[in-house]
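K.L.:
Data file my_file-v6.cif (mmCIF, C-alpha atoms and all ligand atoms) is appended below.
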data_structure
#
loop_
_atom_site.label_atom_id
_atom_site.label_comp_id
_atom_site.auth_asym_id
_atom_site.auth_seq_id
_atom_site.Cartn_x
_atom_site.Cartn_y
_atom_site.Cartn_z
CA MET I 9 250.55 -56.63 222.05
CA SER I 10 247.04 -56.74 220.80
CA LEU I 11 244.38 -54.24 221.71
CA SER I 12 241.38 -56.04 222.93
CA ARG I 13 238.33 -54.02 223.79
CA SER I 14 238.58 -55.16 227.38
CA GLN I 15 241.96 -53.50 227.92
CA GLN I 16 240.43 -50.54 229.65
CA ALA I 17 242.06 -50.81 233.02
CA LYS I 18 245.63 -49.77 232.00
CA PRO I 19 247.04 -46.34 232.87
CA LEU I 20 245.52 -44.27 230.11
CA ARG I 21 245.64 -40.92 228.40
CA HIS I 22 243.99 -40.65 224.98
CA ARG I 23 240.41 -41.76 224.38
CA LEU I 24 238.68 -43.34 221.43
CA TYR I 25 234.89 -43.39 221.48
CA GLN I 26 232.85 -45.48 219.11
CA GLY I 27 229.48 -44.06 218.19
CA ASP I 28 227.73 -41.28 216.37
CA ASN I 29 229.74 -38.19 217.17
CA LEU I 30 226.69 -36.14 218.20
CA ASP I 31 225.66 -38.76 220.78
CA VAL I 32 229.22 -39.04 222.04
CA MET I 33 229.72 -35.27 222.37
CA ARG I 34 226.46 -34.93 224.27
CA ARG I 35 227.52 -37.78 226.52
CA ILE I 36 230.98 -36.39 227.34
CA LEU I 37 229.82 -32.79 227.72
CA PRO I 38 229.68 -32.85 231.55
CA GLU I 39 233.25 -34.14 231.72
CA PHE I 40 234.80 -32.00 228.98
CA ILE I 41 232.78 -28.79 228.85
CA GLY I 42 235.23 -25.90 228.36
CA LYS I 43 238.24 -28.25 228.42
CA VAL I 44 239.13 -28.95 224.78
CA GLU I 45 241.60 -26.42 223.36
CA PHE I 46 241.83 -27.59 219.77
CA ILE I 47 239.43 -29.45 217.50
CA TYR I 48 240.24 -30.59 213.99
CA ILE I 49 237.63 -32.22 211.79
CA ASP I 50 237.41 -33.34 208.20
CA PRO I 51 233.69 -33.95 207.82
CA PRO I 52 232.17 -36.02 205.05
CA TYR I 53 230.22 -34.44 202.24
CA ASN I 54 228.34 -36.17 199.42
CA THR I 55 229.06 -39.49 201.05
CA GLY I 56 229.00 -40.69 204.59
CA ILE I 57 225.89 -38.92 205.83
CA MET I 58 223.86 -42.04 205.47
CA GLN I 59 220.63 -40.76 206.88
CA TYR I 60 220.49 -38.08 204.18
CA LYS I 61 222.12 -39.84 201.30
CA THR I 62 219.05 -41.64 199.96
CA TYR I 63 216.90 -38.57 200.08
CA ARG I 64 219.48 -36.38 198.53
CA ASP I 65 220.32 -38.59 195.63
CA LYS I 66 216.80 -39.68 194.78
CA MET I 67 214.70 -36.64 195.55
CA TRP I 68 216.96 -33.66 195.96
CA GLY I 69 219.57 -34.44 193.36
CA ARG I 70 218.83 -31.33 191.38
CA TYR I 71 217.80 -29.07 194.23
CA GLU I 72 221.07 -27.54 195.18
CA ARG I 73 219.73 -25.60 198.16
CA ARG I 74 218.01 -28.61 199.72
CA ARG I 75 221.11 -30.74 199.30
CA HIS I 76 223.19 -28.22 201.17
CA GLU I 77 220.48 -27.80 203.78
CA ALA I 78 220.69 -31.51 204.48
CA TRP I 79 224.44 -31.18 204.99
CA THR I 80 224.12 -28.12 207.24
CA ASP I 81 221.31 -29.81 209.21
CA PHE I 82 223.72 -32.66 209.84
CA MET I 83 226.64 -30.41 210.77
CA ARG I 84 224.93 -27.71 212.83
CA PRO I 85 224.18 -29.68 216.02
CA ARG I 86 227.62 -31.27 215.86
CA LEU I 87 229.41 -27.95 215.60
CA GLU I 88 227.21 -26.52 218.35
CA ALA I 89 228.03 -29.42 220.65
CA ALA I 90 231.73 -29.11 219.82
CA TYR I 91 231.67 -25.36 220.52
CA LYS I 92 230.54 -26.08 224.07
CA LEU I 93 233.55 -28.32 224.61
CA LEU I 94 236.05 -25.60 223.68
CA THR I 95 238.15 -23.68 226.23
CA PRO I 96 237.79 -19.86 226.41
CA LEU I 97 240.65 -19.60 223.87
CA GLY I 98 239.68 -22.77 222.00
CA LYS I 99 239.67 -23.11 218.23
CA MET I 100 238.26 -25.47 215.65
CA PHE I 101 239.85 -26.24 212.27
CA VAL I 102 237.52 -27.71 209.64
CA SER I 103 238.83 -29.13 206.36
CA ILE I 104 236.49 -28.63 203.45
CA ASP I 105 236.57 -28.40 199.67
CA ASP I 106 234.49 -26.30 197.30
CA HIS I 107 231.32 -28.40 197.64
CA GLU I 108 230.31 -27.16 201.07
CA PHE I 109 232.78 -24.34 201.66
CA PRO I 110 230.30 -21.41 201.46
CA HIS I 111 227.74 -23.20 203.61
CA LEU I 112 230.34 -24.14 206.18
CA VAL I 113 231.58 -20.56 206.47
CA LEU I 114 228.04 -19.26 207.03
CA LEU I 115 227.30 -22.01 209.52
CA MET I 116 230.48 -21.35 211.48
CA ARG I 117 229.77 -17.62 211.52
CA ASP I 118 226.39 -18.44 213.01
CA ILE I 119 227.92 -20.56 215.74
CA PHE I 120 231.20 -18.76 216.51
CA GLY I 121 230.18 -15.24 215.53
CA ARG I 122 231.12 -13.51 212.30
CA GLU I 123 234.28 -11.94 213.77
CA ASN I 124 235.51 -15.31 215.02
CA VAL I 125 235.86 -17.14 211.71
CA GLU I 126 238.83 -17.10 209.32
CA VAL I 127 239.81 -19.13 206.28
CA MET I 128 243.07 -20.88 205.42
CA ILE I 129 243.94 -22.45 202.10
CA TRP I 130 245.90 -25.66 201.89
CA ASP I 131 247.93 -25.81 198.68
CA LYS I 132 247.81 -29.59 198.62
CA VAL I 133 249.73 -30.26 195.41
CA PRO I 134 253.20 -28.74 195.88
CA ARG I 135 254.83 -27.93 192.54
CA GLU I 136 257.69 -30.39 192.83
CA GLY I 137 255.27 -33.26 193.50
CA THR I 138 253.76 -35.32 190.76
CA ALA I 139 250.30 -35.65 192.28
CA GLY I 140 247.55 -34.22 190.13
CA GLN I 141 249.64 -33.86 187.00
CA GLY I 142 247.82 -36.69 185.27
CA LYS I 143 244.58 -34.97 186.08
CA MET I 144 245.79 -31.75 184.52
CA LYS I 145 245.87 -33.46 181.14
CA ARG I 146 242.17 -34.24 181.52
CA SER I 147 241.14 -30.92 183.03
CA LYS I 148 239.37 -28.54 180.65
CA ARG I 149 239.92 -25.47 182.82
CA PHE I 150 242.31 -25.66 185.74
CA ARG I 151 243.52 -28.27 188.15
CA ILE I 152 242.12 -28.01 191.66
CA ASP I 153 245.20 -27.80 193.86
CA HIS I 154 243.65 -26.45 197.01
CA GLU I 155 241.34 -27.21 199.88
CA TYR I 156 240.09 -24.90 202.58
CA ILE I 157 240.48 -25.03 206.32
CA VAL I 158 237.86 -22.89 208.02
CA VAL I 159 238.96 -21.76 211.48
CA GLY I 160 236.47 -20.92 214.23
CA TYR I 161 237.69 -19.22 217.41
CA VAL I 162 235.87 -18.83 220.70
CA ASP I 163 237.72 -15.50 221.09
CA ARG I 164 239.72 -14.57 217.98
CA LYS I 165 240.96 -11.22 219.31
CA ASN I 166 242.72 -12.80 222.27
CA THR I 167 243.95 -15.89 220.44
CA ARG I 168 247.69 -16.05 219.71
CA PHE I 169 249.38 -18.58 217.47
CA ARG I 170 252.92 -19.80 217.86
CA LYS I 171 255.38 -19.01 215.09
CA PRO I 172 256.82 -22.33 213.93
CA ARG I 173 260.63 -22.27 213.69
CA VAL I 174 261.70 -23.37 210.24
CA MET I 175 264.80 -23.29 208.04
CA ALA I 176 263.55 -20.81 205.49
CA PRO I 177 265.65 -19.48 202.63
CA LEU I 178 266.41 -15.77 202.93
CA THR I 179 265.42 -14.05 199.75
CA ARG I 180 267.55 -10.92 200.05
CA SER I 181 271.34 -10.83 199.79
CA TYR I 182 273.33 -11.35 202.96
CA ASP I 183 276.93 -11.04 204.13
CA ASN I 184 278.97 -11.20 207.30
CA ARG I 185 280.30 -7.67 207.89
CA ASP I 186 281.39 -8.39 211.47
CA ASN I 187 282.72 -11.92 210.84
CA ASP I 188 280.09 -13.39 213.16
CA PRO I 189 281.00 -17.07 213.81
CA ARG I 190 277.32 -17.94 213.29
CA GLY I 191 277.79 -17.17 209.60
CA PRO I 192 276.16 -14.83 207.08
CA TRP I 193 273.20 -12.69 208.08
CA ILE I 194 270.88 -9.97 206.92
CA SER I 195 269.52 -7.21 209.10
CA ALA I 196 265.87 -6.57 209.76
CA GLU I 197 263.96 -3.58 211.07
CA LEU I 198 263.60 -3.55 214.85
CA CYS I 199 261.38 -0.52 215.43
CA LYS I 200 258.77 1.75 213.90
CA SER I 201 259.90 5.02 212.36
CA LYS I 202 260.07 8.06 214.65
CA ALA I 203 256.95 9.50 213.03
CA LYS I 204 254.96 6.28 213.44
CA SER I 205 256.08 5.53 217.00
CA ASN I 206 253.36 6.15 219.56
CA PRO I 207 254.67 7.28 222.99
CA LYS I 208 251.64 5.62 224.60
CA GLY I 209 252.01 2.44 222.52
CA LYS I 210 253.55 -0.92 223.37
CA ASN I 211 257.37 -1.16 223.75
CA TYR I 212 258.01 2.60 223.54
CA TYR I 213 261.40 3.17 225.16
CA THR I 214 264.85 4.67 224.65
CA VAL I 215 267.99 2.75 223.74
CA VAL I 216 271.48 4.20 223.92
CA THR I 217 273.87 3.32 221.10
CA PRO I 218 277.52 2.40 221.82
CA SER I 219 278.45 5.95 220.75
CA GLY I 220 276.06 7.40 223.37
CA ARG I 221 273.26 8.51 221.04
CA GLU I 222 269.71 8.08 222.43
CA ILE I 223 267.05 6.61 220.16
CA THR I 224 263.44 6.65 221.35
CA ARG I 225 261.02 4.59 219.34
CA GLN I 226 258.30 1.95 219.50
CA TRP I 227 260.35 -1.26 219.24
CA HIS I 228 259.17 -4.61 217.92
CA VAL I 229 260.44 -6.36 221.07
CA SER I 230 260.27 -5.60 224.80
CA ARG I 231 263.20 -3.88 226.50
CA ALA I 232 264.15 -7.17 228.22
CA GLU I 233 264.15 -9.00 224.88
CA PHE I 234 266.20 -6.18 223.28
CA GLU I 235 268.80 -6.51 226.03
CA ARG I 236 268.86 -10.28 225.63
CA LEU I 237 269.39 -9.97 221.88
CA ASP I 238 272.15 -7.38 222.39
CA ALA I 239 273.94 -9.57 224.93
CA ASP I 240 273.79 -12.39 222.36
CA GLY I 241 275.35 -10.19 219.64
CA ARG I 242 272.16 -10.10 217.59
CA ILE I 243 271.81 -6.33 217.37
CA TRP I 244 273.55 -4.54 214.49
CA TRP I 245 274.56 -1.04 215.60
CA GLY I 246 276.46 -0.23 212.41
CA SER I 247 278.76 2.78 212.61
CA GLY I 248 276.59 4.27 215.36
CA ARG I 249 274.67 6.58 213.05
CA ILE I 250 272.00 4.07 212.06
CA VAL I 251 268.97 2.92 214.02
CA PRO I 252 269.91 -0.51 215.42
CA ARG I 253 268.65 -3.53 213.49
CA LEU I 254 268.19 -7.24 214.17
CA LYS I 255 270.67 -9.73 212.73
CA LYS I 256 268.96 -12.74 211.11
CA PHE I 257 271.28 -15.63 210.42
CA VAL I 258 271.01 -17.67 207.24
CA ASN I 259 272.01 -20.90 208.97
CA GLU I 260 269.52 -20.73 211.82
CA PRO I 261 265.87 -21.78 211.86
CA ARG I 262 263.71 -18.72 212.17
CA ALA I 263 260.28 -18.19 213.65
CA LEU I 264 258.03 -17.50 210.69
CA THR I 265 254.63 -15.93 211.07
CA PRO I 266 252.22 -18.64 209.88
CA SER I 267 250.53 -17.85 206.60
CA SER I 268 246.89 -18.31 205.69
CA VAL I 269 248.21 -20.43 202.80
CA ILE I 270 249.71 -23.76 203.88
CA LYS I 271 252.36 -24.94 201.42
CA ASN I 272 254.82 -27.79 201.03
CA ILE I 273 252.56 -30.51 202.42
CA SER I 274 251.27 -32.84 199.75
CA GLN I 275 247.95 -34.64 200.00
CA THR I 276 249.67 -37.83 198.88
CA GLU I 277 251.61 -37.88 202.14
CA GLY I 278 248.43 -39.05 203.86
CA ILE I 279 248.54 -42.29 201.88
CA ARG I 280 252.24 -42.71 202.60
CA ASP I 281 251.50 -42.21 206.31
CA LEU I 282 249.06 -45.12 206.18
CA ARG I 283 251.39 -47.23 204.07
CA LYS I 284 253.93 -47.06 206.89
CA TRP I 285 251.48 -49.12 208.96
CA ASP I 286 250.57 -51.42 206.02
CA LEU I 287 247.13 -49.82 205.89
CA ALA I 288 247.27 -47.91 202.60
CA ASP I 289 244.43 -48.39 200.11
CA ALA I 290 242.12 -49.20 203.00
CA PHE I 291 241.00 -45.59 203.39
CA SER I 292 240.55 -42.88 200.79
CA HIS I 293 241.90 -39.37 201.34
CA PRO I 294 243.52 -39.62 204.78
CA LYS I 295 244.92 -36.26 205.81
CA PRO I 296 248.72 -35.97 206.01
CA VAL I 297 250.03 -36.26 209.56
CA ARG I 298 252.39 -33.31 208.91
CA LEU I 299 249.43 -31.04 208.13
CA LEU I 300 247.89 -31.85 211.49
CA GLN I 301 251.22 -31.58 213.31
CA TYR I 302 251.62 -28.12 211.80
CA LEU I 303 248.18 -26.99 212.98
CA LEU I 304 248.66 -28.53 216.43
CA GLU I 305 252.03 -26.88 216.98
CA MET I 306 250.79 -23.55 215.71
CA ALA I 307 247.51 -23.43 217.59
CA SER I 308 247.64 -25.53 220.75
CA GLU I 309 249.64 -25.74 223.94
CA PRO I 310 251.94 -28.78 224.22
CA ASP I 311 249.71 -30.18 226.98
CA ALA I 312 246.35 -29.33 225.41
CA THR I 313 243.36 -31.64 225.15
CA VAL I 314 242.61 -31.95 221.43
CA MET I 315 239.84 -33.69 219.52
CA ASP I 316 238.76 -35.08 216.15
CA PHE I 317 235.15 -36.26 216.07
CA PHE I 318 235.31 -37.48 212.46
CA ALA I 319 238.43 -39.53 213.22
CA GLY I 320 238.46 -41.64 210.04
CA SER I 321 241.86 -43.31 209.78
CA GLY I 322 243.25 -41.48 212.83
CA SER I 323 245.61 -38.93 211.27
CA LEU I 324 245.16 -36.52 214.19
CA ALA I 325 245.97 -39.33 216.61
CA GLU I 326 249.25 -39.97 214.83
CA ALA I 327 250.15 -36.27 214.82
CA VAL I 328 249.56 -36.09 218.59
CA MET I 329 251.41 -39.32 219.35
CA ARG I 330 254.39 -38.32 217.20
CA LEU I 331 254.69 -34.90 218.86
CA ASN I 332 254.37 -36.46 222.31
CA HIS I 333 257.02 -39.04 221.46
CA GLU I 334 259.47 -36.89 219.51
CA GLN I 335 259.11 -33.48 221.16
CA GLY I 336 258.18 -34.56 224.67
CA HIS I 337 254.78 -32.90 224.36
CA ARG I 338 251.85 -34.05 226.51
CA ARG I 339 248.77 -33.48 224.37
CA ARG I 340 245.77 -35.64 225.09
CA CYS I 341 243.71 -36.78 222.13
CA LEU I 342 239.98 -37.51 222.04
CA LEU I 343 238.70 -39.31 218.95
CA VAL I 344 235.23 -40.32 217.82
CA SER I 345 234.52 -42.84 215.09
CA ASN I 346 231.20 -44.33 214.05
CA ASN I 347 232.94 -47.34 212.46
CA GLU I 348 231.23 -46.62 209.16
CA ASN I 349 232.46 -49.12 206.55
CA GLN I 350 234.29 -50.81 209.45
CA SER I 351 236.89 -48.06 209.33
CA LEU I 352 237.40 -48.31 213.08
CA ASP I 353 237.84 -52.08 213.12
CA LYS I 354 239.92 -52.28 209.97
CA ILE I 355 242.01 -49.09 210.03
CA LEU I 356 241.78 -46.93 213.12
CA LEU I 357 242.26 -49.62 215.76
CA PRO I 358 245.07 -51.42 213.90
CA ARG I 359 246.77 -48.06 213.32
CA ILE I 360 246.56 -47.13 216.99
CA GLU I 361 247.76 -50.58 217.96
CA LYS I 362 250.84 -50.23 215.73
CA MET I 363 251.44 -46.63 216.77
CA MET I 364 251.44 -47.59 220.45
CA LYS I 365 254.45 -49.80 219.76
CA ALA I 366 256.24 -47.09 217.80
CA TYR I 367 255.33 -44.23 220.15
CA PRO I 368 255.17 -46.12 223.44
CA ASP I 369 254.73 -43.07 225.67
CA ASN I 370 251.09 -42.86 224.61
CA ASN I 371 248.25 -44.87 226.12
CA TRP I 372 244.70 -45.26 224.96
CA GLU I 373 241.36 -45.90 226.55
CA PHE I 374 238.64 -47.37 224.35
CA ILE I 375 235.05 -46.54 225.04
CA PHE I 376 232.74 -48.63 222.89
C1 LIG I 401 236.58 -37.54 205.61
S1 LIG I 401 236.71 -38.78 206.77
C2 LIG I 401 237.91 -38.20 207.92
C3 LIG I 401 239.31 -38.58 207.55
C4 LIG I 401 240.33 -38.27 208.59
N1 LIG I 401 240.53 -36.85 208.73
C5 LIG I 401 241.64 -38.93 208.26
O1 LIG I 401 242.64 -38.24 208.00
O2 LIG I 401 241.66 -40.14 208.21
C6 LIG I 401 235.21 -38.64 207.68
C7 LIG I 401 234.97 -39.82 208.59
O3 LIG I 401 233.88 -39.50 209.45
C8 LIG I 401 233.04 -40.65 209.57
N2 LIG I 401 231.71 -40.20 209.99
C9 LIG I 401 230.65 -39.84 209.21
N3 LIG I 401 229.57 -39.52 209.97
C10 LIG I 401 229.97 -39.68 211.27
C11 LIG I 401 229.30 -39.53 212.52
N4 LIG I 401 228.05 -39.09 212.57
N5 LIG I 401 229.99 -39.80 213.65
C12 LIG I 401 231.28 -40.22 213.60
N6 LIG I 401 231.96 -40.38 212.45
C13 LIG I 401 231.31 -40.13 211.30
C14 LIG I 401 233.11 -41.28 208.20
O4 LIG I 401 232.77 -42.63 208.25
C15 LIG I 401 234.56 -41.05 207.84
O5 LIG I 401 235.36 -42.12 208.28
#
Would you put the structure from the file into structure tokens?
P.N.:
Amino acid sequence: MSLSRSQQAKPLRHRLYQGDNLDVMRRILPEFIGKVEFIYIDPPYNTGIMQYKTYRDKMWGRYERRRHEAWTDFMRPRLEAAYKLLTPLGKMFVSIDDHEFPHLVLLMRDIFGRENVEVMIWDKVPREGTAGQGKMKRSKRFRIDHEYIVVGYVDRKNTRFRKPRVMAPLTRSYDNRDNDPRGPWISAELCKSKAKSNPKGKNYYTVVTPSGREITRQWHVSRAEFERLDADGRIWWGSGRIVPRLKKFVNEPRALTPSSVIKNISQTEGIRDLRKWDLADAFSHPKPVRLLQYLLEMASEPDATVMDFFAGSGSLAEAVMRLNHEQGHRRRCLLVSNNENQSLDKILLPRIEKMMKAYPDNNWEFIF
């Protein structure tokens, strides 16, 4: 199957727009205002902003402030347009390195409000990987192993992220005192101390131990969840004298609170992701699909409308299509590419074409 640009009449879900992303966002505003839950972008810096490049290099090369002003002038209207597309609990993740990080944070605080911006760090060279080690030999100070992801929320206070379930090693010692068939476990605190429990606070209630003792505390789970855990043998009552605790099994994936530091995803995976489609070397610095899958799963509903308006090689598209195919999710993806250096013709379209065969439950509409 080949994707011709006239194939627009099929039953469709995702959309790819060709054009300058500011023009496209302005154009789609009436249709998508307040409807996009999650935006990820990886904007260009130094390169790619053609209308500023000549000026910057020839005239502003040494004028640091002007150079950054040119970048912020380029980004500001785009972020403002994107902000309008977001849902009331929408969020935008922006990848950036040290070059424009401080300017991006200030710009996003301007647009989202100071209280609605947070910063994540992507540790992009995991220790066991080999990437970057050659560079270390040349580095006179330290190797740069990180990038930032600046997060802007429409309403940070009311935004909740999902806890991804992962097989994570338990660091403390564990045993199996009650011979639970689910294997070894450790116990974790399930309530605040008596002194710290607030009778007017959330989940303040009394539980009765098997020996009839009443314990009134602020618990970490609702009463219904406590009862569900108890029925499933996940509450450790001990001899009856202790405050009940939660059993956490070594052999089960556990919901881990996401950290502001993203680890164990190597930047080199992005190249491998492209290699799978025979498109490696055609695009420099594609983002790893797993990084985007992680952000999507953490921060968007399985049926959310999501967007990348600096689509590049289409890493976000692959993350969405994989999750839809493998997890039965129904996210809808909007992409914008300006086809700079023919990246749309040579990489993005061929990638989508190949991905549609591999993840057939995803359809695309092309708007050129
Ligand atoms: C850093 S790359 C994004 C890479 C992408 N995250 C990936 O994983 O493949 C930025 C892309 O945005 C494109 N771009 C630059 N200015 C643009 C504009 N005004 N509208 C749309 N795309 C633009 C560049 O050509 C480049 O392909």
K.L.:
Please enclose the listed atoms of ligand LIG 401 (chain I) in an axis-aligned box, pad each side by 3 Å, and write out the centre and the three edge lengths in Å, rounded to one decimal, as AutoDock Vina command-line options.
P.N.:
--center_x 235.3 --center_y -39.7 --center_z 209.6 --size_x 20.6 --size_y 11.8 --size_z 14.0
K.L.:
Within 6 Å of ligand LIG 401 (chain I), which residues show up when you count all atoms listed in the file? List them as JSON, numbers by chain, please.
P.N.:
{"I": [28, 29, 50, 51, 52, 56, 57, 294, 295, 318, 319, 320, 321, 322, 323, 344, 345, 346, 348]}
K.L.:
What lies within 6 Å of Pro261 of chain I using only C-alpha atoms, ignoring chain neighbours under 5 positions off, as number ranges by chain?
P.N.:
I: 173-175
K.L.:
Sort by chain and increasing residue number a table of all residues of segment 110-133 of chain I within 12 Å of segment 297-302 of chain I, each with its closest pair of atoms and their distance in Å to one decimal, counting all atoms listed in the file, and write it as a Markdown table.
P.N.:
| residue | atom | partner | partner_atom | distance |
| --- | --- | --- | --- | --- |
| I:Ile129 | CA | I:Leu299 | CA | 11.8 |
| I:Trp130 | CA | I:Leu299 | CA | 9.0 |
| I:Asp131 | CA | I:Leu299 | CA | 10.9 |
| I:Lys132 | CA | I:Leu299 | CA | 9.8 |
K.L.:
Looking at only C-alpha atoms, which of I:Thr214, I:Gln335, I:Asn259, I:Ser219 is the one that sits closest to Ile194 of chain I?
P.N.:
I:Asn259
K.L.:
Which of these residues is nearest to Arg23 of chain I, using only C-alpha atoms: I:Gly209, I:Tyr182, I:Ile36, I:Met83?
P.N.:
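Among I:Gly209, I:Tyr182, I:Ile36, I:Met83, it is I:Ile36 that comes nearest to Arg23 of chain I.
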K.L.:
For a quick check of understanding, using all atoms listed in the file, which of I:Lys271, I:Arg359, I:His154, I:Arg262 has the smallest distance to Leu287 of chain I?
P.N.:
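Among I:Lys271, I:Arg359, I:His154, I:Arg262, it is I:Arg359 that comes nearest to Leu287 of chain I.
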K.L.:
Neighbouring residues of Arg249 of chain I were defined as those with any atom within 9 Å, considering all atoms listed in the file; residues of the same chain fewer than 4 positions away were excluded. Please report them as a compact mmCIF listing (two decimals) with C-alpha atoms, in the frame of the given file.
P.N.:
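Below is the file that was written, selection-v7.txt:
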# COMPACT_ATOMS: atom_id res chain seq x y z
CA THR I 217 273.87 3.32 221.10
CA SER I 219 278.45 5.95 220.75
CA ARG I 221 273.26 8.51 221.04
CA TRP I 245 274.56 -1.04 215.60
K.L.:
Just checking: using all atoms listed in the file, which residue out of I:Arg225, I:His333, I:Ile360, I:Asp188 ends up closest to Asn206 of chain I?
P.N.:
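With all atoms listed in the file as the atom set, the closest residue is I:Arg225.
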K.L.:
List the neighbours of Ile49 of chain I out to 8 Å using all atoms listed in the file; skip same-chain residues closer than 3 positions along the sequence, and give me the result as a list in words.
P.N.:
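Near neighbours after the sequence-gap exclusion: Met100, Phe101, Val102, Ser103, Asp316, Phe317, Phe318 and Ala319 of chain I.
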K.L.:
Next, write the just-selected residues to a file, as a PDB file, in the coordinates of the input, keeping C-alpha atoms as the atom set.
P.N.:
ATOM      1  CA  MET I 100     238.260 -25.470 215.650  1.00  0.00           C
ATOM      2  CA  PHE I 101     239.850 -26.240 212.270  1.00  0.00           C
ATOM      3  CA  VAL I 102     237.520 -27.710 209.640  1.00  0.00           C
ATOM      4  CA  SER I 103     238.830 -29.130 206.360  1.00  0.00           C
ATOM      5  CA  ASP I 316     238.760 -35.080 216.150  1.00  0.00           C
ATOM      6  CA  PHE I 317     235.150 -36.260 216.070  1.00  0.00           C
ATOM      7  CA  PHE I 318     235.310 -37.480 212.460  1.00  0.00           C
ATOM      8  CA  ALA I 319     238.430 -39.530 213.220  1.00  0.00           C
TER       9      ALA I 319
END
K.L.:
Using Å and a single decimal, report how far atom CA of Val133 of chain I sits from atom CA of Trp285 of chain I.
P.N.:
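Between atom CA of Trp285 of chain I and atom CA of Val133 of chain I the gap is 23.3 Å.
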K.L.:
Report the distance between atom CA of Tyr161 of chain I and atom CA of Asn124 of chain I in Å, rounded to one decimal place.
P.N.:
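One can read the atom CA of Tyr161 of chain I to atom CA of Asn124 of chain I distance as 5.1 Å.
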K.L.:
Could you check how far atom CA of Asp286 of chain I sits from atom CA of Gln26 of chain I, in Å to one decimal?
P.N.:
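Computed distance, atom CA of Asp286 of chain I to atom CA of Gln26 of chain I, equals 22.8 Å.
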K.L.:
Looking at all atoms listed in the file, which of I:Ser268, I:Leu254, I:Met116, I:Trp79 is the one that sits closest to Glu155 of chain I?
P.N.:
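Closest residue, counting all atoms listed in the file: I:Ser268.
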K.L.:
From the list I:Tyr91, I:Trp227, I:Tyr156, I:Trp193, which residue is nearest Ile119 of chain I when using only C-alpha atoms?
P.N.:
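Smallest separation from Ile119 of chain I among the options: I:Tyr91.
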